[in-house]
Each structure stands twice: as structure tokens, then as C-alpha cells.
$ cat work26.txt   # compact mmCIF, N, CA and C atoms
# COMPACT_ATOMS: atom_id res chain seq x y z
N MET A 1 99.82 107.54 67.82
CA MET A 1 98.60 108.19 67.42
C MET A 1 97.81 108.46 68.69
N ASP A 2 97.53 109.73 68.89
CA ASP A 2 96.94 110.13 70.16
C ASP A 2 95.90 111.23 69.93
N LYS A 3 94.65 110.87 70.12
CA LYS A 3 93.58 111.84 69.91
C LYS A 3 93.42 112.81 71.07
N VAL A 4 94.19 112.62 72.13
CA VAL A 4 94.07 113.50 73.30
C VAL A 4 95.14 114.59 73.29
N CYS A 5 96.27 114.34 72.66
CA CYS A 5 97.36 115.33 72.68
C CYS A 5 97.07 116.49 71.72
N SER A 6 97.88 117.53 71.83
CA SER A 6 97.63 118.75 71.06
C SER A 6 98.22 118.71 69.64
N THR A 7 98.99 117.70 69.31
CA THR A 7 99.56 117.61 67.97
C THR A 7 98.45 117.38 66.95
N PRO A 8 98.37 118.20 65.92
CA PRO A 8 97.29 118.05 64.93
C PRO A 8 97.25 116.65 64.32
N TRP A 9 96.04 116.15 64.14
CA TRP A 9 95.84 114.79 63.62
C TRP A 9 96.53 114.58 62.27
N PRO A 10 96.43 115.51 61.31
CA PRO A 10 97.10 115.29 60.02
C PRO A 10 98.62 115.11 60.16
N LEU A 11 99.23 115.85 61.09
CA LEU A 11 100.66 115.71 61.32
C LEU A 11 100.97 114.35 61.94
N GLN A 12 100.16 113.93 62.91
CA GLN A 12 100.34 112.60 63.50
C GLN A 12 100.20 111.52 62.43
N ASN A 13 99.20 111.66 61.60
CA ASN A 13 98.94 110.67 60.56
C ASN A 13 100.11 110.57 59.59
N ALA A 14 100.63 111.71 59.17
CA ALA A 14 101.77 111.72 58.25
C ALA A 14 103.01 111.10 58.90
N SER A 15 103.26 111.45 60.15
CA SER A 15 104.42 110.90 60.87
C SER A 15 104.28 109.40 61.07
N PHE A 16 103.09 108.97 61.44
CA PHE A 16 102.86 107.55 61.67
C PHE A 16 102.98 106.76 60.37
N THR A 17 102.45 107.30 59.29
CA THR A 17 102.58 106.65 57.99
C THR A 17 104.05 106.48 57.62
N TYR A 18 104.84 107.51 57.89
CA TYR A 18 106.29 107.40 57.64
C TYR A 18 106.89 106.27 58.47
N CYS A 19 106.50 106.18 59.75
CA CYS A 19 107.02 105.11 60.62
C CYS A 19 106.62 103.73 60.12
N ILE A 20 105.40 103.60 59.64
CA ILE A 20 104.94 102.33 59.07
C ILE A 20 105.81 101.96 57.87
N GLU A 21 106.00 102.91 56.98
CA GLU A 21 106.79 102.65 55.78
C GLU A 21 108.24 102.31 56.13
N LEU A 22 108.79 102.99 57.14
CA LEU A 22 110.15 102.69 57.59
C LEU A 22 110.23 101.28 58.17
N SER A 23 109.26 100.93 59.00
CA SER A 23 109.20 99.59 59.58
C SER A 23 109.18 98.52 58.49
N GLU A 24 108.40 98.75 57.47
CA GLU A 24 108.31 97.79 56.37
C GLU A 24 109.62 97.73 55.58
N ARG A 25 110.22 98.88 55.36
CA ARG A 25 111.45 98.93 54.57
C ARG A 25 112.61 98.23 55.28
N VAL A 26 112.75 98.45 56.59
CA VAL A 26 113.87 97.85 57.33
C VAL A 26 113.51 96.51 57.97
N LYS A 27 112.25 96.11 57.78
CA LYS A 27 111.76 94.82 58.28
C LYS A 27 111.94 94.67 59.79
N LYS A 28 111.44 95.68 60.50
CA LYS A 28 111.48 95.69 61.97
C LYS A 28 110.08 95.92 62.51
N PRO A 29 109.79 95.39 63.71
CA PRO A 29 108.47 95.60 64.31
C PRO A 29 108.21 97.08 64.59
N LEU A 30 106.95 97.41 64.71
CA LEU A 30 106.52 98.78 65.00
C LEU A 30 105.86 98.80 66.37
N ILE A 31 106.42 99.59 67.28
CA ILE A 31 105.84 99.76 68.61
C ILE A 31 104.93 100.98 68.53
N ILE A 32 103.67 100.80 68.96
CA ILE A 32 102.66 101.83 68.74
C ILE A 32 102.13 102.39 70.05
N HIS A 33 102.19 103.71 70.15
CA HIS A 33 101.53 104.45 71.23
C HIS A 33 100.19 104.88 70.66
N CYS A 34 99.11 104.42 71.26
CA CYS A 34 97.79 104.68 70.69
C CYS A 34 96.81 105.09 71.78
N VAL A 35 96.23 106.27 71.61
CA VAL A 35 95.23 106.77 72.56
C VAL A 35 93.97 107.14 71.78
N ARG A 36 92.93 106.37 72.01
CA ARG A 36 91.61 106.60 71.40
C ARG A 36 91.64 106.64 69.87
N ALA A 37 92.52 105.86 69.28
CA ALA A 37 92.64 105.87 67.82
C ALA A 37 92.88 104.47 67.26
N HIS A 38 92.46 103.45 67.99
CA HIS A 38 92.76 102.08 67.59
C HIS A 38 92.18 101.71 66.22
N ALA A 39 90.95 102.08 65.98
CA ALA A 39 90.33 101.75 64.69
C ALA A 39 91.06 102.44 63.54
N GLU A 40 91.42 103.70 63.74
CA GLU A 40 92.11 104.45 62.69
C GLU A 40 93.50 103.86 62.42
N VAL A 41 94.19 103.48 63.48
CA VAL A 41 95.52 102.89 63.34
C VAL A 41 95.43 101.57 62.57
N LEU A 42 94.47 100.74 62.94
CA LEU A 42 94.32 99.46 62.25
C LEU A 42 93.87 99.63 60.80
N GLN A 43 93.14 100.68 60.53
CA GLN A 43 92.76 100.96 59.14
C GLN A 43 94.01 101.27 58.31
N LEU A 44 94.94 102.02 58.89
CA LEU A 44 96.20 102.30 58.18
C LEU A 44 96.98 101.02 57.93
N LYS A 45 96.97 100.12 58.89
CA LYS A 45 97.65 98.82 58.71
C LYS A 45 97.09 98.10 57.50
N LYS A 46 95.78 98.13 57.38
CA LYS A 46 95.10 97.46 56.27
C LYS A 46 95.38 98.16 54.94
N VAL A 47 95.21 99.46 54.92
CA VAL A 47 95.38 100.24 53.69
C VAL A 47 96.81 100.15 53.17
N LEU A 48 97.78 100.25 54.09
CA LEU A 48 99.18 100.22 53.68
C LEU A 48 99.73 98.80 53.55
N LYS A 49 98.89 97.82 53.85
CA LYS A 49 99.28 96.41 53.73
C LYS A 49 100.56 96.10 54.52
N ALA A 50 100.62 96.62 55.73
CA ALA A 50 101.79 96.43 56.59
C ALA A 50 101.91 94.96 56.99
N ARG A 51 103.10 94.42 56.87
CA ARG A 51 103.35 93.01 57.16
C ARG A 51 104.20 92.79 58.41
N GLN A 52 104.96 93.81 58.79
CA GLN A 52 105.80 93.67 59.98
C GLN A 52 104.93 93.64 61.24
N PRO A 53 105.43 93.01 62.31
CA PRO A 53 104.65 92.96 63.55
C PRO A 53 104.37 94.35 64.12
N TRP A 54 103.16 94.51 64.61
CA TRP A 54 102.76 95.73 65.30
C TRP A 54 102.48 95.40 66.74
N ILE A 55 103.01 96.21 67.66
CA ILE A 55 102.84 95.99 69.09
C ILE A 55 102.23 97.25 69.70
N PHE A 56 101.04 97.10 70.27
CA PHE A 56 100.36 98.21 70.93
C PHE A 56 100.83 98.26 72.37
N HIS A 57 101.74 99.19 72.66
CA HIS A 57 102.35 99.23 73.99
C HIS A 57 101.43 99.93 74.99
N GLY A 58 101.60 99.55 76.25
CA GLY A 58 100.80 100.15 77.32
C GLY A 58 99.31 99.91 77.16
N PHE A 59 98.94 98.79 76.58
CA PHE A 59 97.53 98.53 76.30
C PHE A 59 96.75 98.46 77.61
N ASP A 60 95.67 99.24 77.66
CA ASP A 60 94.82 99.24 78.87
C ASP A 60 93.34 99.44 78.53
N LYS A 61 92.95 98.93 77.40
CA LYS A 61 91.56 99.07 76.96
C LYS A 61 90.76 97.80 77.23
N ASN A 62 89.55 97.76 76.70
CA ASN A 62 88.64 96.65 76.98
C ASN A 62 88.86 95.46 76.04
N LEU A 63 88.09 94.42 76.31
CA LEU A 63 88.20 93.18 75.55
C LEU A 63 87.86 93.36 74.07
N ALA A 64 86.86 94.18 73.77
CA ALA A 64 86.47 94.39 72.37
C ALA A 64 87.60 95.04 71.58
N THR A 65 88.25 96.03 72.17
CA THR A 65 89.37 96.69 71.50
C THR A 65 90.54 95.72 71.35
N ALA A 66 90.79 94.95 72.39
CA ALA A 66 91.86 93.94 72.32
C ALA A 66 91.59 92.95 71.19
N GLN A 67 90.36 92.49 71.09
CA GLN A 67 90.02 91.51 70.05
C GLN A 67 90.19 92.10 68.66
N MET A 68 89.83 93.37 68.50
CA MET A 68 90.00 94.04 67.21
C MET A 68 91.48 94.06 66.82
N ILE A 69 92.34 94.36 67.77
CA ILE A 69 93.79 94.40 67.52
C ILE A 69 94.33 93.01 67.21
N LEU A 70 93.93 92.04 68.01
CA LEU A 70 94.41 90.67 67.80
C LEU A 70 93.93 90.11 66.47
N ASN A 71 92.69 90.41 66.10
CA ASN A 71 92.15 89.94 64.82
C ASN A 71 92.90 90.53 63.63
N ALA A 72 93.50 91.69 63.84
CA ALA A 72 94.30 92.32 62.78
C ALA A 72 95.71 91.75 62.73
N GLY A 73 96.00 90.79 63.62
CA GLY A 73 97.32 90.18 63.62
C GLY A 73 98.37 90.94 64.40
N ALA A 74 97.94 91.91 65.18
CA ALA A 74 98.88 92.71 65.98
C ALA A 74 99.01 92.11 67.38
N PHE A 75 99.91 92.68 68.15
CA PHE A 75 100.22 92.20 69.50
C PHE A 75 99.84 93.26 70.53
N LEU A 76 99.62 92.80 71.76
CA LEU A 76 99.36 93.69 72.88
C LEU A 76 100.56 93.64 73.82
N SER A 77 100.86 94.77 74.44
CA SER A 77 101.86 94.82 75.49
C SER A 77 101.19 95.42 76.71
N LEU A 78 101.18 94.66 77.79
CA LEU A 78 100.48 95.05 79.01
C LEU A 78 101.47 95.29 80.13
N GLY A 79 101.07 96.16 81.06
CA GLY A 79 101.96 96.46 82.17
C GLY A 79 101.22 96.90 83.41
N SER A 80 101.38 98.16 83.75
CA SER A 80 100.86 98.67 85.03
C SER A 80 99.35 98.54 85.18
N SER A 81 98.61 98.52 84.10
CA SER A 81 97.15 98.39 84.21
C SER A 81 96.75 97.05 84.83
N LEU A 82 97.64 96.07 84.80
CA LEU A 82 97.34 94.77 85.40
C LEU A 82 97.21 94.84 86.92
N PHE A 83 97.71 95.92 87.50
CA PHE A 83 97.66 96.09 88.95
C PHE A 83 96.42 96.86 89.42
N ARG A 84 95.65 97.39 88.49
CA ARG A 84 94.44 98.15 88.86
C ARG A 84 93.30 97.19 89.15
N GLU A 85 92.64 97.41 90.26
CA GLU A 85 91.51 96.55 90.64
C GLU A 85 90.36 96.73 89.66
N ASN A 86 89.73 95.64 89.31
CA ASN A 86 88.56 95.63 88.42
C ASN A 86 88.81 96.32 87.08
N HIS A 87 90.03 96.23 86.59
CA HIS A 87 90.37 96.83 85.30
C HIS A 87 90.23 95.78 84.20
N PRO A 88 89.79 96.17 83.00
CA PRO A 88 89.61 95.20 81.91
C PRO A 88 90.89 94.47 81.50
N SER A 89 92.04 94.99 81.86
CA SER A 89 93.30 94.34 81.47
C SER A 89 93.41 92.91 81.97
N ALA A 90 92.86 92.64 83.14
CA ALA A 90 92.90 91.27 83.68
C ALA A 90 92.13 90.33 82.77
N GLU A 91 90.96 90.75 82.32
CA GLU A 91 90.15 89.93 81.41
C GLU A 91 90.86 89.77 80.06
N VAL A 92 91.43 90.85 79.57
CA VAL A 92 92.17 90.80 78.31
C VAL A 92 93.32 89.80 78.42
N LEU A 93 94.08 89.89 79.50
CA LEU A 93 95.22 88.99 79.67
C LEU A 93 94.78 87.53 79.73
N SER A 94 93.63 87.28 80.32
CA SER A 94 93.17 85.90 80.46
C SER A 94 92.76 85.27 79.13
N MET A 95 92.42 86.10 78.15
CA MET A 95 91.96 85.55 76.87
C MET A 95 92.97 85.65 75.73
N VAL A 96 93.95 86.51 75.86
CA VAL A 96 94.89 86.72 74.76
C VAL A 96 95.79 85.48 74.61
N PRO A 97 95.97 85.00 73.39
CA PRO A 97 96.87 83.85 73.19
C PRO A 97 98.28 84.19 73.68
N ARG A 98 98.95 83.21 74.23
CA ARG A 98 100.26 83.48 74.84
C ARG A 98 101.29 83.95 73.82
N ASN A 99 101.05 83.72 72.55
CA ASN A 99 102.01 84.18 71.54
C ASN A 99 101.62 85.52 70.93
N GLN A 100 100.65 86.22 71.55
CA GLN A 100 100.24 87.52 71.01
C GLN A 100 100.31 88.65 72.04
N PHE A 101 101.09 88.46 73.11
CA PHE A 101 101.24 89.56 74.05
C PHE A 101 102.65 89.63 74.62
N PHE A 102 102.96 90.83 75.08
CA PHE A 102 104.22 91.12 75.76
C PHE A 102 103.87 91.73 77.10
N LEU A 103 104.86 91.77 77.99
CA LEU A 103 104.70 92.45 79.26
C LEU A 103 105.75 93.55 79.33
N GLU A 104 105.40 94.66 79.98
CA GLU A 104 106.29 95.82 80.01
C GLU A 104 106.15 96.57 81.31
N THR A 105 107.12 97.43 81.58
CA THR A 105 107.04 98.33 82.73
C THR A 105 106.75 99.75 82.30
N ASP A 106 107.18 100.15 81.13
CA ASP A 106 107.07 101.52 80.65
C ASP A 106 107.64 102.45 81.71
N ILE A 107 106.85 103.36 82.25
CA ILE A 107 107.38 104.29 83.27
C ILE A 107 106.77 104.02 84.64
N SER A 108 106.23 102.86 84.85
CA SER A 108 105.55 102.56 86.11
C SER A 108 106.54 102.30 87.24
N ALA A 109 106.00 102.28 88.43
CA ALA A 109 106.80 101.98 89.62
C ALA A 109 107.03 100.48 89.77
N TRP A 110 106.36 99.68 88.98
CA TRP A 110 106.47 98.22 89.07
C TRP A 110 107.70 97.74 88.32
N THR A 111 108.39 96.77 88.89
CA THR A 111 109.52 96.16 88.20
C THR A 111 108.99 95.14 87.19
N ILE A 112 109.81 94.77 86.25
CA ILE A 112 109.37 93.78 85.26
C ILE A 112 109.09 92.44 85.95
N HIS A 113 109.84 92.13 86.99
CA HIS A 113 109.59 90.90 87.75
C HIS A 113 108.19 90.93 88.36
N GLN A 114 107.80 92.07 88.93
CA GLN A 114 106.47 92.20 89.52
C GLN A 114 105.38 92.09 88.46
N VAL A 115 105.63 92.66 87.30
CA VAL A 115 104.65 92.58 86.21
C VAL A 115 104.47 91.12 85.79
N TYR A 116 105.56 90.39 85.65
CA TYR A 116 105.46 88.97 85.28
C TYR A 116 104.75 88.15 86.35
N GLU A 117 105.04 88.43 87.62
CA GLU A 117 104.35 87.73 88.71
C GLU A 117 102.85 87.99 88.67
N ARG A 118 102.49 89.25 88.46
CA ARG A 118 101.07 89.61 88.41
C ARG A 118 100.39 88.93 87.22
N ALA A 119 101.04 88.96 86.07
CA ALA A 119 100.47 88.33 84.88
C ALA A 119 100.29 86.83 85.10
N ALA A 120 101.26 86.19 85.72
CA ALA A 120 101.17 84.75 85.98
C ALA A 120 99.99 84.46 86.91
N LYS A 121 99.81 85.29 87.90
CA LYS A 121 98.69 85.11 88.84
C LYS A 121 97.35 85.28 88.12
N LEU A 122 97.25 86.30 87.28
CA LEU A 122 96.00 86.57 86.56
C LEU A 122 95.68 85.50 85.52
N ARG A 123 96.71 84.95 84.91
CA ARG A 123 96.48 83.91 83.89
C ARG A 123 96.25 82.54 84.49
N GLY A 124 96.56 82.42 85.79
CA GLY A 124 96.32 81.15 86.48
C GLY A 124 97.44 80.23 86.25
$ encode --input "work26.txt" --output "C-alpha cells"
Amino acid sequence: MDKVCSTPWPLQNASFTYCIELSERVKKPLIIHCVRAHAEVLQLKKVLKARQPWIFHGFDKNLATAQMILNAGAFLSLGSSLFRENHPSAEVLSMVPRNQFFLETDISAWTIHQVYERAAKLRG
């Protein structure tokens, strides 16, 4: 779900709803690409009563958004944003329970080993 891309919102919504239903039917986690639509995405989770794990990949938002996602029982996946100076991801990583986050590289220049080292340093 991406409010910045050119794909019309109703089409994104219909496609995402299909993905949610498929995730529930096959009992597999749902990896979510979300740009400026976190509240809307979480509303769909609530309305559709989704039970499978949801993982917000490439998470690089603030603590309030992270808390909203975590309170909904979803997971965060963090990566390259951990290397940005004074970025909220460091604060998010320091507060997220260790059983509610993943680490990733996505398309960054950082290796997964470097991401884990950075996360370990930030978490203390």
C-alpha cells in the first residue's frame, strides 16, 4: 500500500485485500510494503480480522507509528535506515521487543551481517 505511487488507491486496496485473504487461507505471514498508509493498512487488519503475522518491511518511520503497528500485533523489519544518522529507526529499535522485529537488507548496499552488527550496537 503506497500513497506515493501512481497506482490508484482503490486498485491497491482491492489487491491488498486479496493478499490478506490469501495469507489467511494458506496460513502464511504477510510481508507488507507500506508508504504513508499505516493507519489504513492496520484498519484493514482489524476489519478483516486477519490472524496471520504481518511484517512491515523496510520500516523507517517514527516511534508513534512503530507503536501503532506493534500494538496491532504486527512486526517491524528494519534495515538500511539504521545506518542514517539521527534517524528515528535507532529509537524504534531500542524499544521494540526482541520478538517483534526482523532485520533485512532489501536492496541496500549493506550486507545482512552489517545490519545485524549495527542493530546490536544500537540495542546495546
$ closest_residue --input "work26.txt" --among "A:His113, A:Asn99, A:Lys28, A:Leu76" --to "A:Lys61" --atoms "only C-alpha atoms"
A:Leu76
$ axis_aligned_box --input "work26.txt" --around "stretch 57-74 of chain A" --padding-each-side "6 Å" --output "lines of an AutoDock Vina configuration file"
center_x = 94.4
center_y = 95.0
center_z = 70.8
size_x = 27.9
size_y = 22.2
size_z = 28.1
$ atom_distance --input "work26.txt" --atom1 "atom CA of A:Gly58" --atom2 "atom N of A:Met1"
12.1 Å
$ residues_around --input "work26.txt" --residues "A:Arg36" --least-positions-apart "2" --cutoff "7 Å" --atoms "only N, CA and C atoms" --output "list in words"
Met1, Asp2, Lys3, Val4, Cys34, His38, Ala39 and Glu40 of chain A
$ select_by_dssp --input "work26.txt" --residues "stretch 4-54 of chain A" --states "helix (DSSP H, G or I)" --output "PyMOL selection string"
chain A and resi 9-26+38-47
$ atom_distance --input "work26.txt" --atom1 "atom CA of A:Asn86" --atom2 "atom CA of A:Ala72"
26.5 Å
$ closest_residue --input "work26.txt" --among "A:Ala109, A:Asp60, A:Lys27, A:Thr17" --to "A:Leu44" --atoms "all atoms listed in the file"
A:Thr17
$ atom_distance --input "work26.txt" --atom1 "atom C of A:Ile32" --atom2 "atom CA of A:Leu93"
17.9 Å
$ closest_residue --input "work26.txt" --among "A:Asn13, A:Thr111, A:Thr105, A:Ser81" --to "A:Gln43" --atoms "only C-alpha atoms"
A:Asn13
$ closest_residue --input "work26.txt" --among "A:Ala50, A:Ser89, A:Ser80, A:Glu117" --to "A:Asn62" --atoms "only C-alpha atoms"
A:Ser89
$ closest_residue --input "work26.txt" --among "A:Leu82, A:Gln12, A:Ile107, A:Gly73" --to "A:Ala119" --atoms "all atoms listed in the file"
A:Leu82
$ closest_residue --input "work26.txt" --among "A:Val92, A:Gln100, A:Glu85, A:Ile55" --to "A:Gln67" --atoms "all atoms listed in the file"
A:Val92
$ decode --input "work26.txt" --residues "stretch 4-28 of chain A" --atoms "N, CA and C atoms" --output "CSV table (one decimal), in the first residue's frame"
chain,number,residue,atom,x,y,z
A,4,VAL,N,2.2,7.1,-2.4
A,4,VAL,CA,3.0,8.0,-3.2
A,4,VAL,C,3.1,7.5,-4.7
A,5,CYS,N,2.8,6.2,-4.9
A,5,CYS,CA,2.9,5.7,-6.3
A,5,CYS,C,1.7,6.1,-7.1
A,6,SER,N,1.8,5.8,-8.4
A,6,SER,CA,0.7,6.2,-9.3
A,6,SER,C,-0.5,5.2,-9.4
A,7,THR,N,-0.3,4.1,-8.8
A,7,THR,CA,-1.4,3.1,-8.9
A,7,THR,C,-2.6,3.6,-8.1
A,8,PRO,N,-3.8,3.6,-8.7
A,8,PRO,CA,-5.0,4.1,-8.0
A,8,PRO,C,-5.2,3.4,-6.6
A,9,TRP,N,-5.6,4.2,-5.6
A,9,TRP,CA,-5.8,3.6,-4.3
A,9,TRP,C,-6.9,2.5,-4.3
A,10,PRO,N,-8.0,2.6,-5.0
A,10,PRO,CA,-9.0,1.5,-5.0
A,10,PRO,C,-8.4,0.2,-5.5
A,11,LEU,N,-7.5,0.3,-6.5
A,11,LEU,CA,-6.9,-0.9,-7.1
A,11,LEU,C,-5.9,-1.5,-6.1
A,12,GLN,N,-5.1,-0.6,-5.4
A,12,GLN,CA,-4.2,-1.1,-4.4
A,12,GLN,C,-5.0,-1.8,-3.2
A,13,ASN,N,-6.1,-1.2,-2.8
A,13,ASN,CA,-6.9,-1.7,-1.7
A,13,ASN,C,-7.4,-3.1,-2.1
A,14,ALA,N,-8.0,-3.2,-3.3
A,14,ALA,CA,-8.5,-4.5,-3.7
A,14,ALA,C,-7.4,-5.6,-3.8
A,15,SER,N,-6.3,-5.2,-4.3
A,15,SER,CA,-5.2,-6.2,-4.4
A,15,SER,C,-4.7,-6.6,-3.1
A,16,PHE,N,-4.5,-5.6,-2.2
A,16,PHE,CA,-4.1,-5.9,-0.8
A,16,PHE,C,-5.1,-6.7,-0.1
A,17,THR,N,-6.3,-6.4,-0.2
A,17,THR,CA,-7.4,-7.3,0.4
A,17,THR,C,-7.3,-8.7,-0.1
A,18,TYR,N,-7.0,-8.9,-1.3
A,18,TYR,CA,-6.9,-10.2,-1.9
A,18,TYR,C,-5.6,-10.9,-1.2
A,19,CYS,N,-4.5,-10.2,-1.1
A,19,CYS,CA,-3.3,-10.7,-0.4
A,19,CYS,C,-3.6,-11.1,1.0
A,20,ILE,N,-4.4,-10.3,1.7
A,20,ILE,CA,-4.7,-10.6,3.1
A,20,ILE,C,-5.5,-11.9,3.2
A,21,GLU,N,-6.5,-12.0,2.3
A,21,GLU,CA,-7.4,-13.2,2.3
A,21,GLU,C,-6.6,-14.4,1.9
A,22,LEU,N,-5.6,-14.3,1.0
A,22,LEU,CA,-4.8,-15.4,0.6
A,22,LEU,C,-3.9,-15.8,1.8
A,23,SER,N,-3.3,-14.9,2.4
A,23,SER,CA,-2.4,-15.1,3.6
A,23,SER,C,-3.2,-15.9,4.7
A,24,GLU,N,-4.4,-15.5,4.9
A,24,GLU,CA,-5.3,-16.2,5.9
A,24,GLU,C,-5.6,-17.6,5.4
A,25,ARG,N,-5.9,-17.7,4.1
A,25,ARG,CA,-6.4,-19.0,3.6
A,25,ARG,C,-5.2,-20.1,3.7
A,26,VAL,N,-4.0,-19.6,3.3
A,26,VAL,CA,-2.9,-20.6,3.2
A,26,VAL,C,-2.1,-20.6,4.5
A,27,LYS,N,-2.5,-19.7,5.5
A,27,LYS,CA,-1.9,-19.6,6.8
A,27,LYS,C,-0.4,-19.3,6.7
A,28,LYS,N,-0.1,-18.3,6.0
A,28,LYS,CA,1.3,-17.8,5.8
A,28,LYS,C,1.4,-16.3,6.2
